file data-v1.cif (mmCIF, C-alpha atoms)
data_upload
#
loop_
_atom_site.label_atom_id
_atom_site.label_comp_id
_atom_site.auth_asym_id
_atom_site.auth_seq_id
_atom_site.Cartn_x
_atom_site.Cartn_y
_atom_site.Cartn_z
CA MET A 139 206.64 139.54 91.02
CA TYR A 140 204.37 140.41 88.10
CA VAL A 141 204.89 141.04 84.40
CA LYS A 142 204.01 144.64 83.57
CA GLU A 143 205.12 144.85 79.95
CA VAL A 144 206.28 142.56 77.15
CA GLN A 145 208.07 143.72 74.01
CA LEU A 146 208.92 141.28 71.22
CA THR A 147 211.04 142.06 68.19
CA ASN A 148 211.57 139.51 65.39
CA ILE A 149 210.47 136.53 67.47
CA ARG A 150 209.09 133.66 65.39
CA THR A 151 206.41 135.20 63.13
CA ILE A 152 206.10 138.35 65.26
CA GLN A 153 207.92 141.36 63.86
CA LYS A 154 206.96 143.83 66.59
CA LEU A 155 204.60 143.51 69.53
CA GLN A 156 203.98 145.32 72.80
CA TRP A 157 201.78 144.09 75.65
CA ALA A 158 201.53 146.57 78.50
CA LEU A 159 199.36 146.77 81.60
CA PRO A 160 198.20 149.89 83.43
CA ALA A 161 200.32 150.87 86.41
CA GLU A 162 197.80 149.56 88.94
CA ALA A 163 197.30 146.17 87.23
CA GLY A 164 199.03 143.02 88.41
CA PRO A 165 197.42 139.83 89.65
CA GLY A 166 194.28 138.69 87.91
CA TRP A 167 193.16 137.00 84.70
CA HIS A 168 194.93 138.32 81.62
CA VAL A 169 193.64 136.75 78.40
CA VAL A 170 195.33 136.64 75.00
CA ILE A 171 193.10 135.86 72.01
CA GLY A 172 193.70 135.53 68.28
CA ASP A 173 193.19 133.29 65.28
CA ASN A 174 195.07 130.04 64.78
CA GLY A 175 198.56 130.95 63.68
CA SER A 176 198.41 134.46 65.15
CA GLY A 177 201.20 133.74 67.65
CA LYS A 178 199.46 133.08 70.97
CA SER A 179 201.70 130.14 71.89
CA SER A 180 204.77 132.01 70.65
CA PHE A 181 203.82 134.95 72.86
CA LEU A 182 203.66 132.78 76.00
CA ARG A 183 206.81 130.86 75.12
CA ALA A 184 208.70 134.09 74.58
CA ILE A 185 207.66 135.34 78.03
CA ALA A 186 208.64 132.01 79.59
CA LEU A 187 212.00 132.08 77.83
CA ALA A 188 212.80 135.57 79.10
CA LEU A 189 211.76 134.53 82.61
CA VAL A 190 214.19 131.59 82.73
CA GLY A 191 217.11 133.33 81.01
CA PRO A 192 219.71 132.19 78.45
CA LYS A 193 221.73 129.91 80.74
CA GLU A 194 218.77 127.79 81.83
CA ALA A 195 217.31 127.87 78.31
CA ILE A 196 220.17 125.76 76.93
CA ALA A 197 218.62 122.68 78.57
CA LEU A 198 215.41 123.15 76.57
CA ARG A 199 217.13 121.65 73.51
CA GLN A 200 215.41 124.13 71.22
CA ASP A 201 216.55 124.98 67.71
CA TRP A 202 216.98 128.73 68.18
CA ASN A 203 217.06 129.22 64.42
CA ASP A 204 213.32 128.51 64.54
CA TRP A 205 212.86 131.33 67.04
CA LEU A 206 214.34 134.14 65.01
CA ARG A 207 211.95 135.63 62.47
CA GLY A 208 212.77 134.75 58.89
CA GLY A 209 215.17 137.23 57.31
CA ALA A 210 216.07 138.90 60.62
CA SER A 211 219.64 139.04 61.91
CA ASP A 212 218.62 139.57 65.54
CA GLY A 213 215.61 139.62 67.82
CA GLU A 214 214.77 140.56 71.38
CA ILE A 215 212.39 139.65 74.19
CA GLU A 216 212.13 142.33 76.85
CA LEU A 217 210.07 142.14 80.04
CA ALA A 218 209.28 144.83 82.59
CA LEU A 219 208.75 143.22 86.00
CA SER A 220 207.34 144.62 89.21
CA TRP A 221 208.66 143.06 92.39
CA ASN A 222 207.70 142.73 96.03
CA PRO A 223 210.45 143.13 98.66
CA ALA A 224 208.42 140.98 101.05
CA TYR A 225 208.90 137.97 98.77
CA ASP A 226 211.52 138.65 96.10
CA ARG A 227 215.20 138.57 97.11
CA PHE A 228 218.30 139.71 95.23
CA VAL A 229 221.55 137.75 95.01
CA GLY A 230 225.12 138.77 94.29
CA SER A 231 226.91 141.99 95.09
CA GLY A 232 225.42 145.41 94.62
CA ARG A 233 222.70 147.58 96.05
CA THR A 234 219.08 146.55 96.09
CA PRO A 235 217.28 148.64 93.45
CA LYS A 236 214.80 151.20 94.69
CA THR A 237 212.77 151.29 91.49
CA PRO A 238 209.51 149.29 91.57
CA THR A 239 210.10 147.96 88.05
CA LEU A 240 213.01 145.92 86.72
CA THR A 241 213.87 144.79 83.20
CA ALA A 242 214.87 141.38 81.88
CA ALA A 243 215.84 141.24 78.22
CA MET A 244 217.15 138.42 76.07
CA LEU A 245 218.78 138.80 72.66
CA MET A 246 218.81 136.34 69.77
CA PHE A 247 221.44 136.97 67.15
CA ARG A 248 223.50 135.42 64.37
CA PRO A 249 227.20 135.78 65.25
CA MET A 250 229.45 136.85 62.39
CA SER A 251 231.67 133.84 63.01
CA ASN A 252 228.75 131.42 62.58
CA PRO A 253 225.68 133.14 61.09
CA ASP A 254 223.85 129.84 60.59
CA GLN A 255 223.61 129.24 64.34
CA VAL A 256 221.41 131.61 66.35
CA GLN A 257 222.69 132.28 69.86
CA LEU A 258 221.15 133.70 73.04
CA SER A 259 222.54 136.32 75.37
CA ARG A 260 221.55 138.90 77.94
CA SER A 261 220.97 142.41 76.71
CA ALA A 262 223.75 144.71 77.88
CA MET A 263 221.36 147.67 77.81
CA VAL A 264 219.42 146.72 80.96
CA ASP A 265 219.99 145.71 84.57
CA ASN A 266 221.51 142.32 85.34
CA PRO A 267 218.61 139.85 85.70
CA GLU A 268 221.00 137.27 87.15
CA ARG A 269 220.64 139.18 90.41
CA TYR A 270 216.88 138.71 90.42
CA ILE A 271 214.67 136.78 87.98
CA TRP A 272 217.49 134.64 86.49
CA GLY A 273 219.21 134.15 89.84
CA ASP A 274 218.73 131.75 92.73
CA GLY A 275 217.21 134.21 95.17
CA GLU A 276 213.97 133.51 96.98
CA GLY A 277 210.72 134.54 95.36
CA TRP A 278 210.47 135.62 91.70
CA PHE A 279 207.97 132.83 91.20
CA CYS A 280 206.85 131.98 87.68
CA ALA A 281 205.54 128.85 85.95
CA SER A 282 204.16 127.94 82.53
CA TYR A 283 201.83 125.22 81.29
CA GLY A 284 201.27 124.14 77.70
CA PRO A 285 198.03 122.86 76.16
CA PHE A 286 198.95 119.17 76.68
CA ARG A 287 198.50 118.96 80.44
CA ARG A 288 198.50 115.39 81.71
CA PHE A 289 199.87 113.10 84.44
CA SER A 290 201.64 110.49 82.31
CA GLY A 291 203.12 109.76 78.89
CA GLY A 292 205.97 112.26 78.98
CA ASP A 293 209.59 112.08 77.88
CA LYS A 294 211.56 110.72 80.83
CA ASP A 295 214.75 112.45 79.72
CA GLN A 296 212.99 115.81 79.70
CA GLU A 297 211.42 115.12 83.08
CA LYS A 298 214.89 114.65 84.61
CA LEU A 299 215.07 118.45 84.48
CA TYR A 300 212.68 118.51 87.44
CA TYR A 301 215.74 117.57 89.50
CA SER A 302 218.67 119.07 87.58
CA SER A 303 217.02 122.40 86.65
CA PRO A 304 214.04 122.91 88.97
CA LYS A 305 213.41 126.55 88.01
CA LEU A 306 213.40 125.69 84.32
CA ALA A 307 211.22 122.65 85.01
CA ARG A 308 208.34 124.94 86.00
CA HIS A 309 208.09 125.97 82.34
CA LEU A 310 208.86 122.76 80.46
CA SER A 311 205.39 121.84 79.24
CA VAL A 312 204.81 125.18 77.48
CA PHE A 313 207.73 124.47 75.12
CA GLY A 314 206.48 121.15 73.75
CA GLU A 315 204.19 118.15 73.98
CA SER A 316 206.72 115.72 75.46
CA VAL A 317 206.47 116.73 79.12
CA ALA A 318 203.94 115.26 81.55
CA LEU A 319 203.19 116.78 84.95
CA SER A 320 203.86 113.50 86.73
CA GLU A 321 205.97 114.82 89.60
CA CYS A 322 202.95 116.23 91.39
CA LEU A 323 201.48 112.76 91.98
CA GLU A 324 204.72 111.53 93.54
CA TRP A 325 204.71 114.66 95.69
CA LEU A 326 201.18 113.96 96.92
CA LYS A 327 202.15 110.42 97.89
CA LEU A 328 205.24 111.78 99.65
CA LEU A 329 203.07 114.19 101.63
CA GLN A 330 200.88 111.29 102.72
CA PHE A 331 203.97 109.41 103.89
CA LYS A 332 205.27 112.47 105.75
CA LYS A 333 201.89 112.92 107.40
CA LEU A 334 202.04 109.34 108.71
CA GLU A 335 205.60 109.99 109.88
CA GLN A 336 204.36 113.16 111.63
CA ASP A 337 206.74 115.26 109.55
CA PRO A 338 205.56 118.92 109.65
CA GLU A 339 205.61 119.11 105.84
CA GLY A 340 202.81 116.55 105.80
CA ASN A 341 200.54 119.04 107.54
CA VAL A 342 199.79 120.68 104.19
CA LEU A 343 197.98 117.59 102.92
CA GLU A 344 194.63 118.14 104.65
CA PRO A 345 194.23 121.79 103.64
CA LEU A 346 195.28 120.80 100.12
CA LYS A 347 192.49 118.19 100.01
CA GLN A 348 190.02 120.78 101.24
CA PHE A 349 191.27 123.20 98.60
CA ILE A 350 190.71 120.70 95.77
CA ASN A 351 187.35 119.55 97.16
CA GLN A 352 185.77 122.98 97.22
CA PRO A 353 182.27 122.55 95.73
CA ASP A 354 182.80 125.15 93.00
CA PHE A 355 186.00 123.64 91.54
CA LEU A 356 185.40 120.28 89.85
CA PRO A 357 182.15 119.70 87.93
CA ASN A 358 179.51 117.14 88.90
CA GLU A 359 180.63 116.98 92.53
CA ALA A 360 183.79 115.02 91.73
CA ARG A 361 186.16 114.98 94.70
CA LEU A 362 189.56 113.84 95.85
CA GLU A 363 188.94 110.67 97.84
CA SER A 364 192.29 109.25 98.91
CA ILE A 365 196.06 109.44 98.55
CA SER A 366 198.17 106.37 99.28
CA SER A 367 201.25 104.55 98.04
CA LYS A 368 198.98 102.95 95.43
CA GLY A 369 198.02 106.27 93.92
CA VAL A 370 195.66 109.24 93.97
CA ARG A 371 191.98 108.40 93.66
CA PHE A 372 188.88 110.49 93.01
CA VAL A 373 185.16 109.85 93.25
CA ASP A 374 183.48 110.96 90.03
CA GLY A 375 180.00 112.35 89.45
CA ASN A 376 178.56 108.83 89.30
CA GLY A 377 179.93 107.95 92.72
CA CYS A 378 182.61 105.64 91.29
CA GLU A 379 186.14 105.63 92.67
CA VAL A 380 188.61 106.28 89.85
CA PRO A 381 192.42 106.66 89.69
CA VAL A 382 193.25 110.24 88.81
CA GLU A 383 195.01 109.05 85.65
CA ASN A 384 191.70 107.59 84.41
CA LEU A 385 189.63 110.74 84.76
CA SER A 386 188.45 112.50 81.61
CA ASP A 387 190.78 114.79 79.66
CA GLY A 388 189.17 117.92 81.09
CA TYR A 389 189.66 116.83 84.69
CA ARG A 390 193.24 115.71 84.06
CA SER A 391 194.06 118.94 82.23
CA ILE A 392 193.00 121.11 85.16
CA LEU A 393 194.04 118.82 88.02
CA SER A 394 197.55 118.10 86.72
CA MET A 395 198.19 121.83 86.36
CA THR A 396 196.66 122.69 89.74
CA PHE A 397 198.55 120.01 91.67
CA GLU A 398 201.82 120.92 89.93
CA LEU A 399 201.30 124.63 90.55
CA ILE A 400 200.69 124.02 94.25
CA ARG A 401 203.76 121.75 94.42
CA GLN A 402 205.94 124.41 92.82
CA LEU A 403 204.55 127.16 95.06
CA ALA A 404 205.24 125.00 98.12
CA ARG A 405 208.79 124.42 96.92
CA ALA A 406 209.35 128.13 96.30
CA TYR A 407 207.77 129.60 99.43
CA GLY A 408 207.43 126.69 101.86
CA ALA A 409 204.37 124.52 102.40
CA ASP A 410 203.53 126.40 105.59
CA LYS A 411 203.19 129.70 103.68
CA LEU A 412 200.80 128.59 100.97
CA PHE A 413 197.38 129.15 102.49
CA ALA A 414 195.77 132.19 104.02
CA PRO A 415 195.77 131.94 107.84
CA GLY A 416 192.88 129.72 108.89
CA ASP A 417 191.56 129.51 105.31
CA SER A 418 192.25 126.40 103.23
CA THR A 419 190.24 127.78 100.31
CA THR A 420 192.78 130.48 99.40
CA ILE A 421 196.43 130.20 98.36
CA ILE A 422 198.09 133.56 98.96
CA ALA A 423 201.53 133.03 97.40
CA PRO A 424 202.25 135.52 94.56
CA GLY A 425 203.75 134.98 91.14
CA VAL A 426 203.22 134.71 87.39
CA VAL A 427 201.53 131.71 85.75
CA LEU A 428 201.27 131.27 81.97
CA ILE A 429 198.69 128.82 80.57
CA ASP A 430 198.35 127.99 76.89
CA GLU A 431 194.84 127.04 75.71
CA ILE A 432 193.28 127.06 79.16
CA ASP A 433 189.96 125.99 77.60
CA ALA A 434 191.35 122.72 76.16
CA HIS A 435 188.98 119.79 76.87
CA LEU A 436 186.68 121.87 79.09
CA HIS A 437 182.89 121.87 78.79
CA PRO A 438 181.48 125.39 78.19
CA VAL A 439 180.06 125.50 81.72
CA TRP A 440 183.52 124.85 83.13
CA GLN A 441 185.09 127.32 80.69
CA ARG A 442 182.84 130.04 82.06
CA ARG A 443 183.84 129.52 85.67
CA VAL A 444 187.43 128.24 85.57
CA GLY A 445 189.03 131.67 85.27
CA ARG A 446 187.05 133.22 88.08
CA TRP A 447 187.83 130.22 90.29
CA PHE A 448 191.60 130.49 89.77
CA ARG A 449 191.47 134.26 90.13
CA GLU A 450 189.58 134.10 93.42
CA HIS A 451 191.42 131.17 95.01
CA PHE A 452 194.89 132.30 93.88
CA PRO A 453 194.27 136.04 94.42
CA ASN A 454 197.95 137.03 94.28
CA ILE A 455 198.80 135.15 91.09
CA GLN A 456 198.97 136.88 87.72
CA PHE A 457 197.51 134.44 85.19
CA ILE A 458 198.33 135.10 81.54
CA VAL A 459 196.31 132.67 79.44
CA THR A 460 195.50 132.04 75.79
CA THR A 461 192.15 130.85 74.49
CA HIS A 462 189.77 130.59 71.56
CA SER A 463 186.74 130.78 73.86
CA PRO A 464 184.84 133.99 74.68
CA LEU A 465 183.68 132.30 77.89
CA ILE A 466 187.25 132.34 79.21
CA CYS A 467 187.34 136.12 78.74
CA GLN A 468 184.48 136.68 81.19
CA ALA A 469 186.84 136.23 84.16
CA ALA A 470 188.95 139.20 83.04
CA THR A 471 186.89 141.68 85.07
CA VAL A 472 190.09 141.71 87.12
CA GLY A 473 192.67 141.55 84.37
CA SER A 474 192.79 142.30 80.66
CA VAL A 475 192.02 140.97 77.18
CA PHE A 476 194.69 141.33 74.48
CA ARG A 477 194.04 140.54 70.82
CA LEU A 478 196.69 139.46 68.35
CA PRO A 479 196.27 140.42 64.68
CA ARG A 480 195.06 137.94 62.09
CA PRO A 481 197.86 136.26 60.14
CA GLY A 482 198.55 138.09 56.90
CA SER A 483 196.57 141.19 57.90
CA ASP A 484 197.78 144.73 58.54
CA GLU A 485 196.03 144.82 61.92
CA GLU A 486 197.92 145.76 65.06
CA ALA A 487 197.91 143.85 68.31
CA GLY A 488 196.31 145.65 71.22
CA MET A 489 194.15 145.57 74.32
CA VAL A 490 190.42 145.15 73.85
CA THR A 491 188.80 148.20 75.47
CA GLY A 492 185.57 150.16 75.70
CA ILE A 493 182.24 148.68 74.61
CA ALA A 494 183.92 145.68 72.99
CA LEU A 495 185.54 144.76 76.31
CA ASP A 496 182.28 145.28 78.20
CA ARG A 497 180.49 142.90 75.85
CA LEU A 498 183.22 140.29 76.26
CA LEU A 499 183.06 140.55 80.05
CA TYR A 500 179.33 140.96 80.63
CA GLY A 501 177.53 139.92 77.44
CA ASN A 502 176.54 136.49 76.18
CA VAL A 503 178.45 134.45 73.62
CA LEU A 504 176.69 136.12 70.68
CA ASP A 505 177.56 139.54 72.11
CA ALA A 506 181.20 138.45 72.36
CA TYR A 507 181.35 137.23 68.77
CA GLY A 508 179.63 140.42 67.65
CA THR A 509 182.51 142.57 68.96
CA GLY A 510 184.85 141.36 66.23
CA ALA A 511 187.45 140.48 68.86
CA PHE A 512 187.33 136.88 67.63
CA GLY A 513 187.26 137.90 63.99
CA ASP A 514 184.37 137.46 61.58
CA VAL A 515 182.77 134.34 63.05
CA PRO A 516 179.75 132.94 61.15
CA LEU A 517 177.07 132.28 63.75
CA ARG A 518 175.13 129.84 61.56
CA SER A 519 176.04 126.90 59.36
CA PRO A 520 175.68 127.27 55.56
CA GLU A 521 172.55 125.10 55.69
CA ALA A 522 171.05 127.28 58.41
CA GLN A 523 171.87 130.41 56.43
CA GLU A 524 169.97 129.01 53.44
CA LYS A 525 166.97 128.35 55.67
CA LEU A 526 167.24 131.84 57.12
CA GLU A 527 167.21 133.38 53.65
CA ARG A 528 164.19 131.28 52.67
CA LEU A 529 162.36 132.37 55.83
CA ALA A 530 163.13 136.00 55.07
CA VAL A 531 161.69 135.58 51.55
CA LEU A 532 158.51 134.04 52.95
CA ASN A 533 158.15 136.79 55.56
CA GLN A 534 158.47 139.50 52.93
CA LYS A 535 156.08 137.72 50.58
CA GLU A 536 153.56 137.38 53.41
CA LEU A 537 153.54 141.14 53.84
CA ALA A 538 153.43 141.86 50.11
CA GLN A 539 150.90 139.36 48.74
CA GLY A 540 150.16 136.64 51.27
CA LEU A 541 151.17 132.98 51.41
CA SER A 542 149.62 129.78 50.19
CA PRO A 543 148.73 127.13 52.82
CA GLU A 544 151.87 125.18 51.85
CA GLU A 545 154.02 128.27 52.23
CA GLN A 546 152.44 129.09 55.59
CA ALA A 547 153.28 125.59 56.83
CA GLU A 548 156.84 125.96 55.56
CA GLN A 549 157.12 129.35 57.24
CA GLN A 550 155.97 127.99 60.61
CA HIS A 551 158.38 125.08 60.33
CA LEU A 552 161.30 127.40 59.58
CA ARG A 553 160.36 129.70 62.46
CA ALA A 554 160.42 126.71 64.80
CA GLN A 555 163.87 125.77 63.51
CA LEU A 556 165.19 129.34 63.64
CA PRO A 557 163.61 130.96 66.73
CA THR A 558 166.08 133.86 66.81
CA ALA A 559 165.93 134.54 63.07
CA SER A 560 165.40 138.06 61.83
CA SER A 561 162.92 138.76 59.09
CA THR A 562 165.43 141.11 57.47
CA LEU A 563 166.57 139.88 54.09
CA PRO A 564 170.22 139.65 53.13
CA SER A 565 170.96 142.44 50.69
CA ASP A 566 171.50 140.09 47.74
CA THR A 567 168.26 138.11 48.17
CA GLU A 568 165.57 138.61 45.53
CA VAL A 569 161.98 138.95 46.78
CA PRO A 570 159.13 137.84 44.50
CA GLN A 571 157.03 140.83 43.50
CA PRO A 572 153.21 140.71 43.39
#
call {"tool": "encode", "arguments": {"input": "data-v1.cif", "output": "structure tokens"}}
result
Amino acid sequence: MYVKEVQLTNIRTIQKLQWALPAEAGPGWHVVIGDNGSGKSSFLRAIALALVGPKEAIALRQDWNDWLRGGASDGEIELALSWNPAYDRFVGSGRTPKTPTLTAAMLMFRPMSNPDQVQLSRSAMVDNPERYIWGDGEGWFCASYGPFRRFSGGDKDQEKLYYSSPKLARHLSVFGESVALSECLEWLKLLQFKKLEQDPEGNVLEPLKQFINQPDFLPNEARLESISSKGVRFVDGNGCEVPVENLSDGYRSILSMTFELIRQLARAYGADKLFAPGDSTTIIAPGVVLIDEIDAHLHPVWQRRVGRWFREHFPNIQFIVTTHSPLICQAATVGSVFRLPRPGSDEEAGMVTGIALDRLLYGNVLDAYGTGAFGDVPLRSPEAQEKLERLAVLNQKELAQGLSPEEQAEQQHLRAQLPTASSTLPSDTEVPQP
């Protein structure tokens, strides 16, 4: 299953929004960018909400009044989903649809009997998602991860949903900060126990270790060293053995999500169907994965390569991610880049295309900022801008009347500080005349 189109109406601060992929698009790296407050997190949460459905959503303990846009009496989240008969199964009575695309739509409304309490329901205008995405049939895999990805420190009451509402649990962390991805560590220890017991499910442990220890995944040659009843331990770039909970924020952010994603895929499809035949470097299970602020805590070098790594080693997963980093966008050569409008502007949301997209994908960071996709980003500090203007004045004066020895020394010093500076003056800078 993949998300082909998203339409939001009166959801949080979003009055109207459409995100649509070309017919041939599906798995890959789909990036959503925008200023703070533009609605990136709301966009992902809305998708996640429509994927789990109104019945499961009750357990989220959300105040749905906060979800409906101010002044609106109703709102809607509508998804168009493509599905794969090899993986995705229907439940309940009725014929299996022949159309390659299905719709799942959720309404938010204020009932006349109690207008102060927003309620959720299924849209009566579309197919019945309870037979597919909201049902209990095999496949239809989807998961979501918020920006606070960690192994410990979560709300234990919320984490009980891993057992009582396992499908909803795949999305818990995107809805708030109170959920830790702790179940994956218990799962790893269980796999180690099953391996010792010669349980077939334990056979996935070795390929999983090889998957994590691929040389292009973790920076500085960090690697998974051991899994035992005492915990999961890594060797860091200094050669020191460290409990996974004590690794840096960047490592924990990526590892907690990766382990939990693999655990959920194994639960959905079976541990024996995760990896490509004879290839422990590639997980072939399909599905949709939402990640909020994928760049959180990551060094720029890791930001540049993390998307391509996930795209190549989970080739059948559709990743929909948000970011503030142009480096994250570079992996969208297979995927898309969607820009949300600035808060308070009359801009429209839309896909980044043409030359602007090419510069995001293939240019350097300055090229990316120059597209305007990230807004009007000053590339220099105010102090540097003052130095740049002074250098421009000296350069112009040198051409017009020459410089004193002191001015020549100042000019050389500024050129050393500003090696990429242009000699072009800002339009409002006055140049001394001879």
call {"tool": "resolve_selection", "arguments": {"input": "data-v1.cif", "expression": "the PyMOL selection byres ((chain A and resi 398) around 12)", "output": "NGL selection string"}}
result
:A and (281-283 or 287-289 or 300 or 307-311 or 318-326 or 390-397 or 399-405 or 427)
call {"tool": "residues_near_point", "arguments": {"input": "data-v1.cif", "point": "(190.7, 127.6, 90.4)", "cutoff": "12 Å", "atoms": "all atoms listed in the file", "output": "VMD selection string"}}
result
chain A and resid 166 to 167 349 to 357 392 to 393 395 to 397 399 to 400 419 to 421 432 440 to 453 455 457 469
call {"tool": "atom_distance", "arguments": {"input": "data-v1.cif", "atom1": "CA of Arg248 (chain A)", "atom2": "CA of Val190 (chain A)"}}
result
20.9 Å
call {"tool": "resolve_selection", "arguments": {"input": "data-v1.cif", "expression": "the PyMOL selection byres ((chain A and resi 276) around 8)", "output": "CSV table (one decimal) with C-alpha atoms, in the frame of the given file"}}
result
chain,number,residue,atom,x,y,z
A,225,TYR,CA,208.9,138.0,98.8
A,226,ASP,CA,211.5,138.6,96.1
A,227,ARG,CA,215.2,138.6,97.1
A,228,PHE,CA,218.3,139.7,95.2
A,274,ASP,CA,218.7,131.8,92.7
A,275,GLY,CA,217.2,134.2,95.2
A,277,GLY,CA,210.7,134.5,95.4
A,278,TRP,CA,210.5,135.6,91.7
A,406,ALA,CA,209.4,128.1,96.3
A,407,TYR,CA,207.8,129.6,99.4
call {"tool": "atom_distance", "arguments": {"input": "data-v1.cif", "atom1": "CA of Val170 (chain A)", "atom2": "CA of Ser474 (chain A)"}}
result
8.4 Å
call {"tool": "residues_around", "arguments": {"input": "data-v1.cif", "residues": "region 183-189 of chain A", "least_positions_apart": "5", "cutoff": "7 Å", "atoms": "all atoms listed in the file", "output": "list in words"}}
result
Ala195, Ile215, Ala242, Ala243, Met244, Ile271, Trp272, Ser282, His309, Val312 and Phe313 of chain A
call {"tool": "atom_distance", "arguments": {"input": "data-v1.cif", "atom1": "CA of Asn341 (chain A)", "atom2": "CA of Arg361 (chain A)"}}
result
19.7 Å
call {"tool": "residues_around", "arguments": {"input": "data-v1.cif", "residues": "Gly172 (chain A)", "least_positions_apart": "6", "cutoff": "7 Å", "atoms": "all atoms listed in the file", "output": "list in words"}}
result
Lys178, Arg477, Leu478, Pro479, Arg480 and Phe512 of chain A
call {"tool": "resolve_selection", "arguments": {"input": "data-v1.cif", "expression": "the PyMOL selection byres ((chain A and resi 239) around 8)", "output": "list in words"}}
result
Ala218, Leu219, Ser220, Trp221, Thr237, Pro238, Leu240 and Thr241 of chain A
call {"tool": "axis_aligned_box", "arguments": {"input": "data-v1.cif", "around": "region 369-381 of chain A", "padding_each_side": "3 Å", "output": "lines of an AutoDock Vina configuration file"}}
result
center_x = 188.3
center_y = 109.0
center_z = 91.6
size_x = 25.5
size_y = 12.7
size_z = 10.7
call {"tool": "residues_around", "arguments": {"input": "data-v1.cif", "residues": "region 371-376 of chain A", "least_positions_apart": "3", "cutoff": "9 Å", "atoms": "all atoms listed in the file", "output": "number ranges by chain"}}
result
A: 357-366, 379-383, 385
call {"tool": "residues_near_point", "arguments": {"input": "data-v1.cif", "point": "(195.5, 127.6, 106.5)", "cutoff": "12 Å", "atoms": "only C-alpha atoms", "output": "VMD selection string"}}
result
chain A and resid 341 to 349 409 to 422
call {"tool": "residues_around", "arguments": {"input": "data-v1.cif", "residues": "Lys193 (chain A)", "least_positions_apart": "3", "cutoff": "12 Å", "atoms": "all atoms listed in the file", "output": "MDAnalysis selection string"}}
result
chainID A and resid 187:190 196:199 244 257:260 267:268 272:273 303 305:306
call {"tool": "closest_residue", "arguments": {"input": "data-v1.cif", "among": "A:Glu527, A:Asn266, A:Ala487, A:Glu216", "to": "Gly177 (chain A)", "atoms": "all atoms listed in the file"}}
result
A:Ala487
call {"tool": "residues_around", "arguments": {"input": "data-v1.cif", "residues": "Glu521 (chain A)", "least_positions_apart": "6", "cutoff": "12 Å", "atoms": "all atoms listed in the file", "output": "list in words"}}
result
Glu527, Arg528, Gln555 and Leu556 of chain A
call {"tool": "closest_residue", "arguments": {"input": "data-v1.cif", "among": "A:Val515, A:Glu431, A:Leu299, A:Gly284", "to": "Glu315 (chain A)", "atoms": "all atoms listed in the file"}}
result
A:Gly284
